[in-house]
Structures are given as structure tokens and as C-alpha cells.
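Worksheet: one structure, shown below.
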Amino acid sequence: MNELERTRQRMVEAHLAQRGITDPKTLEAFRSVPREAFVPDELAEFAYEDTPLPIGEGQTISQPYIVALTASALGLRGGERVLDVGTGSGYSAAVLGRIAKDVYTVERIGALATSARERLERLGYTNVHVRCGDGSLGWPEHAPYDAIAVAASGPKIPEPLLQQLAVGGRLVMPVGPDPSCQTLVRVTRESETSFCQEALEHVQFVPLIGEEGWSEEPRLLRPPRKAPDASVVAKLVREVAEPVEAIESAPVDALLERIGDAKVVLLGESTHGTSEFYRMRARITRELIARRGFSFVAVEADWPDAARIDDYVLGGRRRSTLEFTPFERFPTWMWRNEEVHDFVDWLRAYNADHPERKVGFHGLDLYSLFTSIAAVLHYLDDVDPDAAKVARHRYGALTPWQKDPAAYGEAVLVGRYESSEHAVVAMLREMLERRVEYAQRDGDRFFDAAQNARLVADAERYYRTMYYGSRTSWNLRDEHMYGTLEALLSFYGPDAKGVVWEHNSHVGNAAATEMSVRGEHNVGQLCRTTFGHGAYVIGFGTDHGTVAAASNWDEPMQTMDVRPAHRESYERAFHESGVPALMIHLREPARSAVVEELEPPRLERAIGVIYRPDTELASHYFYATLPHQFDEYVWFDETRAVSPLAVEPRSRADLPETYPFGL
Ligand code: SAM
């Protein structure tokens, strides 16, 4: 076996078998097809990374895991006739050809079809037949097919493909209205007229372009040719917006009506350090809890840190005796501030008055790699000391990187250090396999430990993927946050409803911003895909004032002046309305004129934990289409910085055992 073959076997183990692909035929096929022969020579060294790679003509070879998921979902046993739409490099057709009897594959782009045909011939895949054409219409001459794999995403499953599927056959395809994020679905033809459909996973595929797919390349968000005129929008905003006189007395009945029975309400912020945003989110959240029965609040903070707040608001003792200081990591002011503190105290009092339906507080983020490792070990020490020994060994390889987990990612990438991926994924899998046994002792503690184990697995991957570029790691982080939200919804039961507090860049639909051009998606977009109008997204913005932020990562917080907004921004248009604070409904507004005016892309400002006013245009503005990003927009023309809590709390003796801030 040469080095590349060994790498291939490792890829099959690490990226496929360890991630739950168990079908032996699929694994065997992957072991035998040389992916390096399907990618350009200069990318051969990356052939066994679990990632799509460019193959020319603006197209990509699919990610091995997704090809494997598709192949195993097709349930091939050998001897089938398969249609593969979107040949690309021919790799997935070759894999399918290793299991099935014949594979018919269709590619839209002539140059790709030709090179794939030549490559497959050269490599001896005589049972794979390539044709250039519109695969959204199938390949009727060879129908019916026992299985159909579609490697490009469409708004719906093309009717001709359903008709060319044999009774009993399966089709797997990415589907969804959003060209930048879809659901991989499996359709089984049960009879001549009936089909059964299941969702498999969230995925991101290139578009299926053709008669039964998208009509053209999806339009990328581009800045407008002519600078927008703020005064027209300003006038319309003045006419239709609901003014907010004061946060505490703002009328929110109409807003609650609009939210209706949404399952998730996502509340954004255009900075990580504005008092008004925290207080208005708290106000809306209190109403949602008290009047609409929302079950939990989930915020852009790490799971174990927020778990301390959860213990506190539930009024119980700490679930984990693990000693650590929550919200100690930069940026401390984001959660350790007076505004959050007031809300948390309200929630504790609310829960004390409503013991029958207590409302939880959770963290969605994944930066707490080592606290989460410690939490898993603590849990296993109590419930399963043998498993704790195994966990110590498996997680041990990560501990030298405690101070700088990003350096771990880099060391793995350059081959200086072995990846812990297998180990952390195996740990999670084994904990989940023992779910019933562990949860019987204490379901809440098990859920908490399992979330920490999931965080460890995702964070390990996050730190490794940081070096592939920001898109991959951004998507991974937002997928983790979305996955945590889904886990919470199922933990709280079928009627659960959640409120999410995160930056606008996570909750506003990424498909309506420049992020989609970079191939990034986010929590808001994934919620929109899953819940449709059952997700209600509220963005927040401001023109000027002060903000809590730092100049560089890990530097101290400062109270900085926020510059008045750029003349071509949405913020400027809202500023020109002259209304100091307002809420504006964007989904079905009283007058659609304002949405039409807001639709052409404009600049929008995002201030994170770092603010650099001197390079503001380059570092803080991006193009967006506000009415597609949010269902509602909350505006405060002038705002002030949040008030950070003193690092040392009052006196330890005065505090309840669960007090989460500063201990
Ligand atoms: N499975 C391929 C591989 O392993 O290399 C990669 C597929 S790539 C993600 C999707 C391919 O679908 C692209 O090559 C694209 O040109 C093709 N495609 C898009 N629309 C198509 C259509 N209507 N018919 C056939 N191919 C199409």
C-alpha cells in the first residue's frame, strides 16, 4: 500500500466510518476509488480531506462524507441501474459504479462531461456512462432507475426524475428554496402514484440549473449601481413604523400578534456592547415567556458558562461541581453586564413564581473546548468511572493545547500533530449510545454532559478547519449553534418554543447578505429553512452613541464612540426618519411600499467585540437586503454602551451557591 492509499483508508475511517456511515458496500467502494485521480493535480494532496474541492468551470467535486451519505441512503445492494445527475469530476459516479451494475450520469457543462468521460475510461470504469445534457430532465432512455442521486440543488424534486424512478427505488437530492443552504432529502417510490420523503441533513450544494431546476445561476448580492436615496425611505419609515417612547413601556401587543405561534424568535443586535439592545431584547423576551409560554432562552455564549446561569435561574444547586469562572473568556462584558444580570434576576424570580413551567437559559456557542472536556470528565467520574478513564485518555491528546487551541488546529494541518477527531467523535458516540442507561439516573445532567461532549467534537473540528478559511469555520460554528438549538427544542418537548439572542450576523438570514456570496450560512438561515415562518427574526440597529468593544482581540474593553452611519447605509435612512426609536414590521407590512424601497441592497453596519472606527467602511460594513434578512427591525438612533459588571462580585458569603456572575 502506498502513502496515498493509506491516506485514503484513513479518510474512510475518520470521515466516513467514524461519522456514522456503516454500510459496508459504501465503505468498500470508497476504499477502492482513488479520489486524487478526480481532482486537479495541484490539489491531489488535499484529495482525502473531507471537503469539496474546485474542479474548474466554477464547479466542485463533492465532499466525500456527503457522497457516502447519499450512496448509503440509496441503499444499493449490487446489481442496480442508477442515474447520477451532476457528473462533475465523475467521482461520485465512480463510487456508485463500484456498487451498482450500471450508472448513467448526466453533466450540464460540456467540458466537464468530456473530461469525466475520458477519466472514467482511463481508470477502467466501464459500467459508468456519461452524457452531456440537462440532468433535471433525467435520462429517459435508460429509465426506470432503481436509484437516482442528484449532486446539485433545486427548489423542488424534478417531476421527470420522480417518473423515472422504479417502484421501490430511492432518490436522494438536496432541495430547498434557498440556493445557499438546502436539506438533503430521500424519496422512496412506494407505488406508481405514492412517494415517501425524509429529510437527511442540512447541506450546501451548487445549483441544479435546467428546465426543472433553477433557471440561471442565482443572482449574487451586488452593491447597487447608483447610491440609494435615504430620504424616500426615511419618509416611509416615519409613516409606517411604531415609535418606541421608552423600552419598559413600549407597546408590544402588536409585535406579539405578529410573532403569533412562531416556534423560535431570534433577537439580534448590530453590536455586542449596546445597552438598549440588551434591554429591549430582555423586554420582548419577558413578554414572550410570560404571555406566550416560551420555554427557554438560548444565547451566543458557551454551553457550560450559560449552564451556571441556568442553575441559578432554576433556583437549584449546581448540576456540576466543576469549579471555573463563567464568562471569564474575552469578551467578558458580553454576558457579564448589568443588563444581562437584571434579566437573569427577573428570570429567577419568574421561575420561583412558576415552578410548574420553569424557563431555562442556555449557551449555543462552542469556544469552551476545555471547560467542556472537564465537564464531561466530571460527569463520567460520577456515573461511569470506567468510561471516565477512556475519556481521559482520548481527550488527553488535546490538553497540551489548552492555552491556544487554534495552534492545535494548525499543528494538525501541517502534520506535526495527530488529529484527535476520531477520539472526540468516538467519545460522543459512545455517550449517546448509553443515553438510556445514563439518562435514567438524571436526564438533565446527562443532557448537559452530552451537549458538552458534542461541543468538544465540534470545537475540535472548528479549530482544525479555521485554517481552511473563514467560510468553513464560520459555517461549522453556526451549524453547531443551530444544532444546539434543535437539541434544546427536542429536550424541552414537542411544544417547546425558544428565544435566541445573538448578533444580527448570526440571526439575520445570511442568504440576504454578502455572506451568501462567500458561501456562508448562519443560524437564522438554517432556522428559516427548517421552520419557515415559524422562525421570527428581529434585527436591531443604531446610528450613533457609545459602544462597549475592544480595539483588538484579548485587549481590554473600552467605551468607544460610534460614528454616525455611512450615507449609503440602511442606518442613515432610519436616522433620517427623525424617529428616535422604533419597530418596523417587514414581513407583511401595512404598506408594501417601504419594503420595496428597502429591498435594493444597501450597506449595513456590524460591530462585534472589536470596533475599529478608523477603518469602519472596510471592516464593519457589508451589503444586505434588510427586508429579506429580518421579519422586523428595531431601531435606536442614539445608544450607549452596556455596563460591565465589576469582576469581583459583592461578597461570596452573600451569594447563593449557584450565583453565576464572577465566581
Ligand atoms: N458529484 C460530482 C463529483 O463527485 O465530482 C460533483 C458534482 S458538483 C457538486 C454538481 C455538478 O452538477 C456540477 O458539475 C454542475 O455543472 C452539475 N449540474 C448542475 N445543473 C445540472 C443539470 N441540470 N444537469 C446536469 N448537471 C448539472
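By convention here, the chains of the C-alpha cells are called A, B, ... in the order presented, each chain's residues are numbered starting at 1, and ligands are numbered starting at 1 in the order presented.
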Task: DSSP strand (DSSP E) selection over region 480-617 of chain A, as JSON, numbers by chain - done: {"A": [498, 499, 500, 501, 535, 536, 537, 538, 539, 540, 541, 542, 543, 544, 545, 546, 547, 548, 549, 558, 559, 560, 561, 562, 581, 582, 583, 584, 585, 602, 603, 604, 605]}
Task: For Val150 (chain A): contacts at 9 Å, only C-alpha atoms, fewer than 6 positions along chain excluded, given as a list in words - done: Thr70, Leu83, Asp84, Val85, Gly86, Gly135, Ser136, Leu171, Val172, Met173, Pro174 and Leu208 of chain A
Could you save the residues just selected, with C-alpha atoms, as an mmCIF file, in the first residue's frame?
```cif
data_model
loop_
_atom_site.group_PDB
_atom_site.id
_atom_site.type_symbol
_atom_site.label_atom_id
_atom_site.label_comp_id
_atom_site.auth_asym_id
_atom_site.auth_seq_id
_atom_site.Cartn_x
_atom_site.Cartn_y
_atom_site.Cartn_z
ATOM 1 C CA THR A 70 -26.051 9.773 -0.448
ATOM 2 C CA LEU A 83 -28.961 7.647 -12.534
ATOM 3 C CA ASP A 84 -26.403 10.206 -11.278
ATOM 4 C CA VAL A 85 -27.232 13.853 -12.035
ATOM 5 C CA GLY A 86 -24.299 16.309 -11.973
ATOM 6 C CA GLY A 135 -29.992 16.213 -15.926
ATOM 7 C CA SER A 136 -33.046 17.854 -14.358
ATOM 8 C CA LEU A 171 -33.829 9.183 -4.932
ATOM 9 C CA VAL A 172 -31.505 11.418 -2.878
ATOM 10 C CA MET A 173 -31.243 15.128 -3.663
ATOM 11 C CA PRO A 174 -30.549 18.474 -1.950
ATOM 12 C CA LEU A 208 -29.149 22.403 -10.410
#
```
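Contacts with ligand 1 are defined as any residue atom within 6 Å of a ligand atom, using only C-alpha atoms and all ligand atoms; the residues meeting this criterion are Gln59, Thr60, Ile61, Ser62, Val85, Gly86, Thr87, Gly88, Ser89, Gly90, Tyr91, Ser92, Val106, Glu107, Arg108, Ile109, Gly133, Asp134, Gly135, Ser136, Ala151, Ala152, Phe205, Val206, Pro207, Leu208, Ile209 and Gly210 of chain A.
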TODO: Please provide the set of residues having any atom within 9 Å of Leu455 (chain A), restricted to only C-alpha atoms, with same-chain residues fewer than 3 positions apart removed, written as JSON, numbers by chain.
DONE: {"A": [303, 365, 366, 367, 368, 369, 372, 373, 450, 451, 452, 458, 459, 460, 480, 484]}
Open item on the list: Can you pull out every residue from region 406-647 of chain A that DSSP, working from the backbone, puts in alpha helix (DSSP H), and format the result as a ChimeraX atom specification?
Closed with: /A:406-413,421-433,435-441,443-465,470-492,504-507,523-531,570-576,592-598,616-620,626-629
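Put simply, CA of Gly493 (chain A) is 13.2 Å away from CA of Gly443 (chain A).
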What's the 10 Å shell around Pro405 (chain A), counting only C-alpha atoms, without same-chain residues fewer than 2 positions away, as a PDB file with C-alpha atoms, in the first residue's frame?
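Output contents, as saved in out.pdb:
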```pdb
ATOM      1  CA  TYR A 367     -15.428  28.112  22.373  1.00  0.00           C
ATOM      2  CA  LEU A 369     -13.385  23.284  24.480  1.00  0.00           C
ATOM      3  CA  PHE A 370     -11.504  22.650  27.718  1.00  0.00           C
ATOM      4  CA  LEU A 398      -5.795  17.894  23.375  1.00  0.00           C
ATOM      5  CA  THR A 399      -4.707  19.107  26.783  1.00  0.00           C
ATOM      6  CA  PRO A 400      -1.276  20.456  25.754  1.00  0.00           C
ATOM      7  CA  TRP A 401      -3.156  22.977  23.623  1.00  0.00           C
ATOM      8  CA  GLN A 402      -5.252  24.397  26.417  1.00  0.00           C
ATOM      9  CA  LYS A 403      -3.799  27.891  26.126  1.00  0.00           C
ATOM     10  CA  ALA A 407      -2.371  26.309  17.435  1.00  0.00           C
ATOM     11  CA  TYR A 408      -3.595  22.708  17.738  1.00  0.00           C
ATOM     12  CA  GLY A 409      -5.561  23.152  14.502  1.00  0.00           C
ATOM     13  CA  GLU A 410      -2.514  24.468  12.709  1.00  0.00           C
ATOM     14  CA  ALA A 411      -0.245  21.706  14.034  1.00  0.00           C
ATOM     15  CA  ALA A 459     -14.856  22.619  18.640  1.00  0.00           C
ATOM     16  CA  GLU A 460     -12.042  20.198  17.791  1.00  0.00           C
ATOM     17  CA  TYR A 462     -13.703  24.067  14.347  1.00  0.00           C
ATOM     18  CA  TYR A 463     -10.096  24.690  15.379  1.00  0.00           C
ATOM     19  CA  ARG A 464      -8.815  22.422  12.605  1.00  0.00           C
TER      20      ARG A 464
END
```
Residues of region 398-449 of chain A that have any atom at most 10 Å from an atom of region 377-383 of chain A: could you tabulate them with the shortest-distance atom pair and the distance in Å to one decimal, using only C-alpha atoms, ordered by chain and increasing number, as JSON lines?
```
{"residue": "A:Met431", "atom": "CA", "partner": "A:Leu380", "partner_atom": "CA", "distance": 9.4}
{"residue": "A:Glu437", "atom": "CA", "partner": "A:Val383", "partner_atom": "CA", "distance": 9.8}
{"residue": "A:Tyr438", "atom": "CA", "partner": "A:Val383", "partner_atom": "CA", "distance": 7.2}
{"residue": "A:Arg441", "atom": "CA", "partner": "A:Val383", "partner_atom": "CA", "distance": 8.2}
{"residue": "A:Asp442", "atom": "CA", "partner": "A:Val383", "partner_atom": "CA", "distance": 9.7}
{"residue": "A:Arg445", "atom": "CA", "partner": "A:Tyr379", "partner_atom": "CA", "distance": 7.8}
{"residue": "A:Phe446", "atom": "CA", "partner": "A:Tyr379", "partner_atom": "CA", "distance": 8.0}
{"residue": "A:Asp448", "atom": "CA", "partner": "A:Tyr379", "partner_atom": "CA", "distance": 9.2}
{"residue": "A:Ala449", "atom": "CA", "partner": "A:Tyr379", "partner_atom": "CA", "distance": 6.5}
```
- [ ] Have a look at CA of Tyr492 (chain A) and CA of Arg283 (chain A) and let me know their distance in Å, one decimal.
- [x] 22.7 Å
Task: Å distance separating CA of Thr513 (chain A) from CA of Gln629 (chain A), one decimal place - done: 7.3 Å
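Closest approach to Ala301 (chain A) among A:Tyr125, A:Tyr350, A:Trp139, A:Trp501 is made by A:Trp501 (distances from only C-alpha atoms).
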Task: Surrounding residues of Ala618 (chain A) excluding itself and chain neighbours under 2 positions, 12 Å, only C-alpha atoms, as a list in words - done: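 Selected residues are His566, Leu603, Glu604, Arg605, Ala606, Ile607, Tyr611, Arg612, Pro613, Asp614, Thr615, Glu616, His620, Tyr621, Phe622 and Tyr623 of chain A.
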So that I can see what lies close to Trp553 (chain A), please list as a short mmCIF file (atom, residue, chain, number, x, y, z; two decimals) with all heavy atoms, in the first residue's frame the residues with an atom at most 9 Å from it, counting only C-alpha atoms and leaving out residues fewer than 3 positions away in the same chain.
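Dumped to out-v5.cif:
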```
data_model
loop_
_atom_site.label_atom_id
_atom_site.label_comp_id
_atom_site.auth_asym_id
_atom_site.auth_seq_id
_atom_site.Cartn_x
_atom_site.Cartn_y
_atom_site.Cartn_z
N PHE A 330 -12.42 36.38 27.08
CA PHE A 330 -12.69 37.57 26.27
C PHE A 330 -13.85 37.26 25.33
O PHE A 330 -13.86 36.17 24.74
CB PHE A 330 -11.43 37.91 25.47
CG PHE A 330 -11.60 39.07 24.53
CD1 PHE A 330 -11.35 40.36 24.94
CD2 PHE A 330 -12.00 38.85 23.21
CE1 PHE A 330 -11.51 41.43 24.06
CE2 PHE A 330 -12.16 39.92 22.34
CZ PHE A 330 -11.90 41.20 22.76
N PRO A 331 -14.81 38.05 25.13
CA PRO A 331 -15.10 39.36 25.69
C PRO A 331 -16.02 39.25 26.91
O PRO A 331 -17.20 38.94 26.77
CB PRO A 331 -15.86 40.02 24.55
CG PRO A 331 -16.56 38.86 23.86
CD PRO A 331 -15.75 37.63 24.10
N ALA A 550 -13.55 46.30 22.07
CA ALA A 550 -12.09 46.38 22.23
C ALA A 550 -11.48 46.73 20.88
O ALA A 550 -12.12 46.56 19.84
CB ALA A 550 -11.55 45.03 22.72
N PRO A 556 -8.36 45.02 26.55
CA PRO A 556 -9.42 45.42 27.48
C PRO A 556 -10.59 46.12 26.79
O PRO A 556 -10.42 46.75 25.74
CB PRO A 556 -8.71 46.39 28.43
CG PRO A 556 -7.29 46.37 28.08
CD PRO A 556 -7.10 45.68 26.79
N VAL A 609 -17.16 42.32 18.85
CA VAL A 609 -16.47 42.63 20.10
C VAL A 609 -15.31 43.56 19.82
O VAL A 609 -14.76 44.17 20.73
CB VAL A 609 -16.02 41.36 20.84
CG1 VAL A 609 -17.22 40.59 21.33
CG2 VAL A 609 -15.15 40.49 19.96
N ILE A 610 -14.95 43.66 18.54
CA ILE A 610 -13.88 44.59 18.16
C ILE A 610 -14.50 45.70 17.32
O ILE A 610 -15.32 45.43 16.43
CB ILE A 610 -12.80 43.84 17.36
CG1 ILE A 610 -12.13 42.87 18.32
CG2 ILE A 610 -11.79 44.78 16.73
CD1 ILE A 610 -11.23 41.89 17.70
#
```
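Neighbouring residues of Asp310 (chain A) at 8 Å or closer, counting only C-alpha atoms and skipping chain neighbours under 4 positions away, are Ala306, Leu314, Gly360, Phe361 and His362 of chain A.
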